[in-house]
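See below for my_file30.pdb, which holds PDB, C-alpha atoms.
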ATOM      1  CA  MET A 226       0.000   0.000   0.000
ATOM      2  CA  ILE A 227       1.551   3.279  -1.103
ATOM      3  CA  VAL A 228       0.328   6.379   0.726
ATOM      4  CA  PRO A 229       1.899   9.696  -0.290
ATOM      5  CA  THR A 230       1.315  12.573   2.131
ATOM      6  CA  TRP A 231       1.864  16.270   2.503
ATOM      7  CA  ASN A 232       0.753  17.636   5.873
ATOM      8  CA  ALA A 233      -2.953  16.904   6.657
ATOM      9  CA  SER A 234      -1.941  14.532   9.450
ATOM     10  CA  THR A 235      -5.470  14.361  10.883
ATOM     11  CA  TRP A 236      -6.844  12.963   7.613
ATOM     12  CA  THR A 237      -3.859  10.673   7.131
ATOM     13  CA  ILE A 238      -4.151   9.200  10.611
ATOM     14  CA  ARG A 239      -7.890   8.578  10.161
ATOM     15  CA  GLY A 240      -7.169   6.862   6.857
ATOM     16  CA  LEU A 241      -4.401   4.720   8.332
ATOM     17  CA  HIS A 242      -6.613   3.585  11.205
ATOM     18  CA  ALA A 243      -9.352   2.615   8.708
ATOM     19  CA  LEU A 244      -6.766   0.790   6.618
ATOM     20  CA  ARG A 245      -5.637  -1.271   9.600
ATOM     21  CA  ARG A 246      -9.202  -1.961  10.737
ATOM     22  CA  ASN A 247     -10.657  -2.864   7.333
ATOM     23  CA  THR A 248      -7.919  -4.689   5.408
ATOM     24  CA  VAL A 249      -8.125  -8.486   5.225
ATOM     25  CA  ALA A 250      -4.772  -9.295   3.587
ATOM     26  CA  ASP A 251      -1.348  -8.801   5.107
ATOM     27  CA  LEU A 252      -0.379  -5.195   4.604
ATOM     28  CA  HIS A 253       2.980  -3.565   3.977
ATOM     29  CA  LEU A 254       2.660   0.221   4.134
ATOM     30  CA  ILE A 255       4.873   2.450   2.029
ATOM     31  CA  TRP A 256       4.684   6.019   3.251
ATOM     32  CA  VAL A 257       6.157   8.774   1.102
ATOM     33  CA  ASP A 258       6.176  12.122   2.880
ATOM     34  CA  ASN A 259       6.280  15.132   0.567
ATOM     35  CA  GLY A 260       7.994  17.680   2.792
ATOM     36  CA  SER A 261       5.408  17.892   5.562
ATOM     37  CA  ASP A 262       5.931  20.220   8.512
ATOM     38  CA  ARG A 263       7.835  18.426  11.250
ATOM     39  CA  ASP A 264       4.909  18.230  13.707
ATOM     40  CA  GLU A 265       2.621  16.834  10.973
ATOM     41  CA  GLN A 266       5.278  14.297  10.006
ATOM     42  CA  ASP A 267       5.825  13.228  13.622
ATOM     43  CA  ALA A 268       2.095  12.673  14.169
ATOM     44  CA  VAL A 269       1.832  10.429  11.095
ATOM     45  CA  GLN A 270       5.093   8.663  11.902
ATOM     46  CA  ALA A 271       3.691   7.515  15.251
ATOM     47  CA  VAL A 272       0.904   5.631  13.440
ATOM     48  CA  VAL A 273       3.052   4.449  10.531
ATOM     49  CA  ASP A 274       5.428   2.855  13.044
ATOM     50  CA  THR A 275       2.619   0.465  14.070
ATOM     51  CA  PHE A 276       2.622  -1.052  10.541
ATOM     52  CA  ASP A 277       5.113  -3.213   8.696
ATOM     53  CA  HIS A 278       6.414  -0.319   6.621
ATOM     54  CA  ASP A 279       8.968   1.505   4.552
ATOM     55  CA  ALA A 280       9.145   5.276   4.626
ATOM     56  CA  GLU A 281      10.696   7.995   2.510
ATOM     57  CA  TYR A 282      10.969  11.598   3.588
ATOM     58  CA  HIS A 283      11.471  14.411   1.117
ATOM     59  CA  PRO A 284      12.334  17.992   2.092
ATOM     60  CA  ALA A 285       9.993  19.461  -0.527
ATOM     61  CA  PRO A 286       6.826  18.212  -2.223
ATOM     62  CA  LEU A 287       7.418  15.835  -5.126
ATOM     63  CA  GLY A 288       3.809  15.848  -6.247
ATOM     64  CA  PHE A 289       1.497  12.842  -6.089
ATOM     65  CA  ALA A 290       2.712  10.997  -9.206
ATOM     66  CA  ARG A 291       6.413  11.305  -8.369
ATOM     67  CA  ALA A 292       5.767  10.285  -4.763
ATOM     68  CA  VAL A 293       3.915   7.177  -5.977
ATOM     69  CA  ASN A 294       6.805   6.341  -8.310
ATOM     70  CA  HIS A 295       9.213   6.618  -5.375
ATOM     71  CA  GLY A 296       6.921   4.334  -3.358
ATOM     72  CA  LEU A 297       6.825   1.751  -6.133
ATOM     73  CA  GLN A 298      10.536   1.159  -5.557
ATOM     74  CA  HIS A 299       9.668  -0.368  -2.164
ATOM     75  CA  THR A 300       6.868  -2.708  -3.226
ATOM     76  CA  ARG A 301       6.894  -6.398  -2.590
ATOM     77  CA  GLY A 302       4.287  -9.119  -2.905
ATOM     78  CA  ASP A 303       1.709  -9.775  -5.578
ATOM     79  CA  TYR A 304      -0.470  -6.671  -5.218
ATOM     80  CA  THR A 305       0.203  -2.971  -4.856
ATOM     81  CA  ALA A 306      -2.460  -0.408  -4.043
ATOM     82  CA  ILE A 307      -2.097   3.353  -4.149
ATOM     83  CA  LEU A 308      -4.187   5.331  -1.707
ATOM     84  CA  ASN A 309      -4.721   9.047  -1.268
ATOM     85  CA  ASN A 310      -4.006   9.961   2.330
ATOM     86  CA  ASP A 311      -7.546  11.275   2.958
ATOM     87  CA  VAL A 312      -9.344   8.036   2.027
ATOM     88  CA  GLU A 313     -11.035   5.856   4.618
ATOM     89  CA  VAL A 314     -11.479   2.360   3.206
ATOM     90  CA  CYS A 315     -14.556   0.291   4.016
ATOM     91  CA  PRO A 316     -14.503  -3.224   5.525
ATOM     92  CA  GLU A 317     -12.868  -5.858   3.327
ATOM     93  CA  TRP A 318     -12.166  -3.282   0.599
ATOM     94  CA  ASP A 319      -9.190  -5.294  -0.574
ATOM     95  CA  VAL A 320     -11.035  -8.574  -1.146
ATOM     96  CA  ASP A 321     -13.070  -7.449  -4.168
ATOM     97  CA  LEU A 322     -10.224  -5.363  -5.548
ATOM     98  CA  ARG A 323      -7.872  -8.362  -5.482
ATOM     99  CA  GLY A 324     -10.626 -10.482  -7.022
ATOM    100  CA  ALA A 325     -10.994  -8.022  -9.897
ATOM    101  CA  VAL A 326      -7.269  -8.195 -10.669
ATOM    102  CA  ASP A 327      -7.175 -11.986 -10.293
ATOM    103  CA  ALA A 328     -10.059 -12.318 -12.766
ATOM    104  CA  ALA A 329      -8.352 -10.161 -15.401
ATOM    105  CA  PRO A 330      -4.763  -9.244 -14.479
ATOM    106  CA  GLY A 331      -3.977  -5.581 -14.768
ATOM    107  CA  ALA A 332      -4.946  -2.469 -12.871
ATOM    108  CA  ALA A 333      -8.177  -2.046 -10.943
ATOM    109  CA  GLY A 334      -9.654   0.810  -9.001
ATOM    110  CA  PRO A 335     -12.506   1.344  -6.598
ATOM    111  CA  MET A 336     -15.764   2.986  -7.599
ATOM    112  CA  LEU A 337     -16.695   5.913  -5.419
ATOM    113  CA  LEU A 338     -20.432   5.605  -5.005
ATOM    114  CA  ASP A 339     -21.153   9.069  -3.625
ATOM    115  CA  ALA A 340     -18.899  11.452  -5.553
ATOM    116  CA  PRO A 341     -20.631  14.828  -6.008
ATOM    117  CA  VAL A 342     -18.942  15.652  -9.336
ATOM    118  CA  GLY A 343     -16.638  14.187 -11.925
ATOM    119  CA  TRP A 344     -16.513  10.900 -13.754
ATOM    120  CA  GLN A 345     -17.203   8.981 -10.551
ATOM    121  CA  SER A 346     -20.360  10.931  -9.754
ATOM    122  CA  THR A 347     -23.604   9.145  -8.974
ATOM    123  CA  ARG A 348     -24.468   9.320 -12.686
ATOM    124  CA  TRP A 349     -23.454   5.870 -13.895
ATOM    125  CA  HIS A 350     -21.575   5.673 -17.158
ATOM    126  CA  PRO A 351     -21.855   2.484 -19.244
ATOM    127  CA  TRP A 352     -18.234   2.769 -20.390
ATOM    128  CA  LEU A 353     -17.076   2.199 -16.812
ATOM    129  CA  GLY A 354     -18.289  -1.382 -16.997
ATOM    130  CA  VAL A 355     -20.390  -1.040 -13.853
ATOM    131  CA  PRO A 356     -22.601  -4.136 -13.451
ATOM    132  CA  ALA A 357     -26.270  -3.408 -14.179
ATOM    133  CA  SER A 358     -27.203  -4.580 -10.683
ATOM    134  CA  LEU A 359     -25.267  -1.648  -9.254
ATOM    135  CA  THR A 360     -27.001   0.983 -11.378
ATOM    136  CA  ASP A 361     -30.279   0.484  -9.507
ATOM    137  CA  PRO A 362     -30.262   2.734  -6.395
ATOM    138  CA  GLU A 363     -32.028   0.019  -4.378
ATOM    139  CA  GLN A 364     -29.265  -2.456  -5.265
ATOM    140  CA  VAL A 365     -26.531   0.038  -4.458
ATOM    141  CA  VAL A 366     -27.946   0.619  -0.988
ATOM    142  CA  SER A 367     -28.191  -3.107  -0.291
ATOM    143  CA  PHE A 368     -24.736  -3.627  -1.767
ATOM    144  CA  LEU A 369     -23.278  -1.129   0.710
ATOM    145  CA  THR A 370     -24.988  -2.469   3.805
TER     146      THR A 370
END
As a first step, turn the structure in this file into structure tokens.
Amino acid sequence: MIVPTWNASTWTIRGLHALRRNTVADLHLIWVDNGSDRDEQDAVQAVVDTFDHDAEYHPAPLGFARAVNHGLQHTRGDYTAILNNDVEVCPEWDVDLRGAVDAAPGAAGPMLLDAPVGWQSTRWHPWLGVPASLTDPEQVVSFLT
């Protein structure tokens, strides 16, 4: 799991706690800090230290893509996930994601069911390959509960 950060320790810590609580598979955390203020970095470090982890610290922001590329140098195992630091994963999030990649090797990503705008908004797009059962609001609600 690669998690790039830049300050925002409160969000990062919430996300890391959700990751620990809701991940089924063994997890190796790769934290790439993009020049956070020292107090922000220390707060995140205290939580990161509770994981099996690698960490990189940069004195200035690299940007998300470069930070992810740095994190990729530390990956091991069969799966690698990239997570924004402000995301709180739901229970067993990794099970279906791994299943999607096992079914058709390649890259997979989660579908955000409640995005207010953008391509992941609640307007379903056929080109995303979303199963018909998930386009019915009643099915989506039961799927989430």
(request) Skip segment 272-280 of chain A itself and residues of its chain fewer than 3 positions away, then list as a ChimeraX atom specification all residues within 9 Å of it, counting only C-alpha atoms. (result) /A:238,241-242,245,252-258,268-269,296,299
I need the residues from that last selection saved to file as a PDB file, keeping the file's coordinate frame (with C-alpha atoms), if you can.
ATOM      1  CA  ILE A 238      -4.151   9.200  10.611  1.00  0.00           C
ATOM      2  CA  LEU A 241      -4.401   4.720   8.332  1.00  0.00           C
ATOM      3  CA  HIS A 242      -6.613   3.585  11.205  1.00  0.00           C
ATOM      4  CA  ARG A 245      -5.637  -1.271   9.600  1.00  0.00           C
ATOM      5  CA  LEU A 252      -0.379  -5.195   4.604  1.00  0.00           C
ATOM      6  CA  HIS A 253       2.980  -3.565   3.977  1.00  0.00           C
ATOM      7  CA  LEU A 254       2.660   0.221   4.134  1.00  0.00           C
ATOM      8  CA  ILE A 255       4.873   2.450   2.029  1.00  0.00           C
ATOM      9  CA  TRP A 256       4.684   6.019   3.251  1.00  0.00           C
ATOM     10  CA  VAL A 257       6.157   8.774   1.102  1.00  0.00           C
ATOM     11  CA  ASP A 258       6.176  12.122   2.880  1.00  0.00           C
ATOM     12  CA  ALA A 268       2.095  12.673  14.169  1.00  0.00           C
ATOM     13  CA  VAL A 269       1.832  10.429  11.095  1.00  0.00           C
ATOM     14  CA  GLY A 296       6.921   4.334  -3.358  1.00  0.00           C
ATOM     15  CA  HIS A 299       9.668  -0.368  -2.164  1.00  0.00           C
TER      16      HIS A 299
END
(message) Which residues are near Cys315 of chain A? Cut-off 8 Å, only C-alpha atoms, ignore same chain within fewer than 3 positions. Put them as a VMD selection string.
(response) chain A and resid 243 247 318
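With only C-alpha atoms as the atoms that count, the residue of A:Leu244, A:Trp236, A:Val249, A:Asn259 with the shortest distance to Arg291 of chain A is A:Asn259.
Using only C-alpha atoms, the smallest distance between any of A:Val314, A:Ala271, A:Ala290, A:Ala306 and Ala333 of chain A comes from A:Ala306.
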Could you tell me, as a short mmCIF file (atom, residue, chain, number, x, y, z; two decimals) with C-alpha atoms, in the frame of the given file, exactly which residues end up selected when the PyMOL selection byres ((chain A and resi 293) around 9) is applied to this structure?
data_model
loop_
_atom_site.label_atom_id
_atom_site.label_comp_id
_atom_site.auth_asym_id
_atom_site.auth_seq_id
_atom_site.Cartn_x
_atom_site.Cartn_y
_atom_site.Cartn_z
CA ILE A 227 1.55 3.28 -1.10
CA VAL A 228 0.33 6.38 0.73
CA PRO A 229 1.90 9.70 -0.29
CA VAL A 257 6.16 8.77 1.10
CA GLY A 288 3.81 15.85 -6.25
CA PHE A 289 1.50 12.84 -6.09
CA ALA A 290 2.71 11.00 -9.21
CA ARG A 291 6.41 11.30 -8.37
CA ALA A 292 5.77 10.28 -4.76
CA ASN A 294 6.80 6.34 -8.31
CA HIS A 295 9.21 6.62 -5.38
CA GLY A 296 6.92 4.33 -3.36
CA LEU A 297 6.82 1.75 -6.13
CA GLN A 298 10.54 1.16 -5.56
CA ILE A 307 -2.10 3.35 -4.15
#
(request) Go through A:Gln266, A:Val312, A:Ser234, A:Tyr304 and flag the residue nearest Gly324 of chain A, using only C-alpha atoms for the distances. (result) A:Tyr304
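Between atom CA of Ala250 of chain A and atom CA of Gln270 of chain A lies a distance of 22.1 Å.
In this comparison, which uses all atoms listed in the file, the residue of A:Gly331, A:Pro316, A:Gly260, A:Gly302 approaching Pro286 of chain A most closely is A:Gly260.
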(request) Place a sphere of radius 9 Å on (12.8, 15.2, 5.0) in the file coordinates and name every protein, DNA or RNA residue with an atom inside or on its surface, counting all atoms listed in the file; give the answer as a ChimeraX atom specification. (result) /A:258-261,263,281-285
(request) Please measure the separation of atom CA of Asp262 of chain A and atom CA of Asn309 of chain A, giving the value in Å to one decimal. (result) 18.3 Å
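One finds atom CA of Trp231 of chain A at 11.8 Å from atom CA of Asp264 of chain A.
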(message) Taking only C-alpha atoms into account, name the residue in A:Pro330, A:Thr248, A:Leu322, A:Ala233 that is nearest to Glu265 of chain A.
(response) A:Ala233
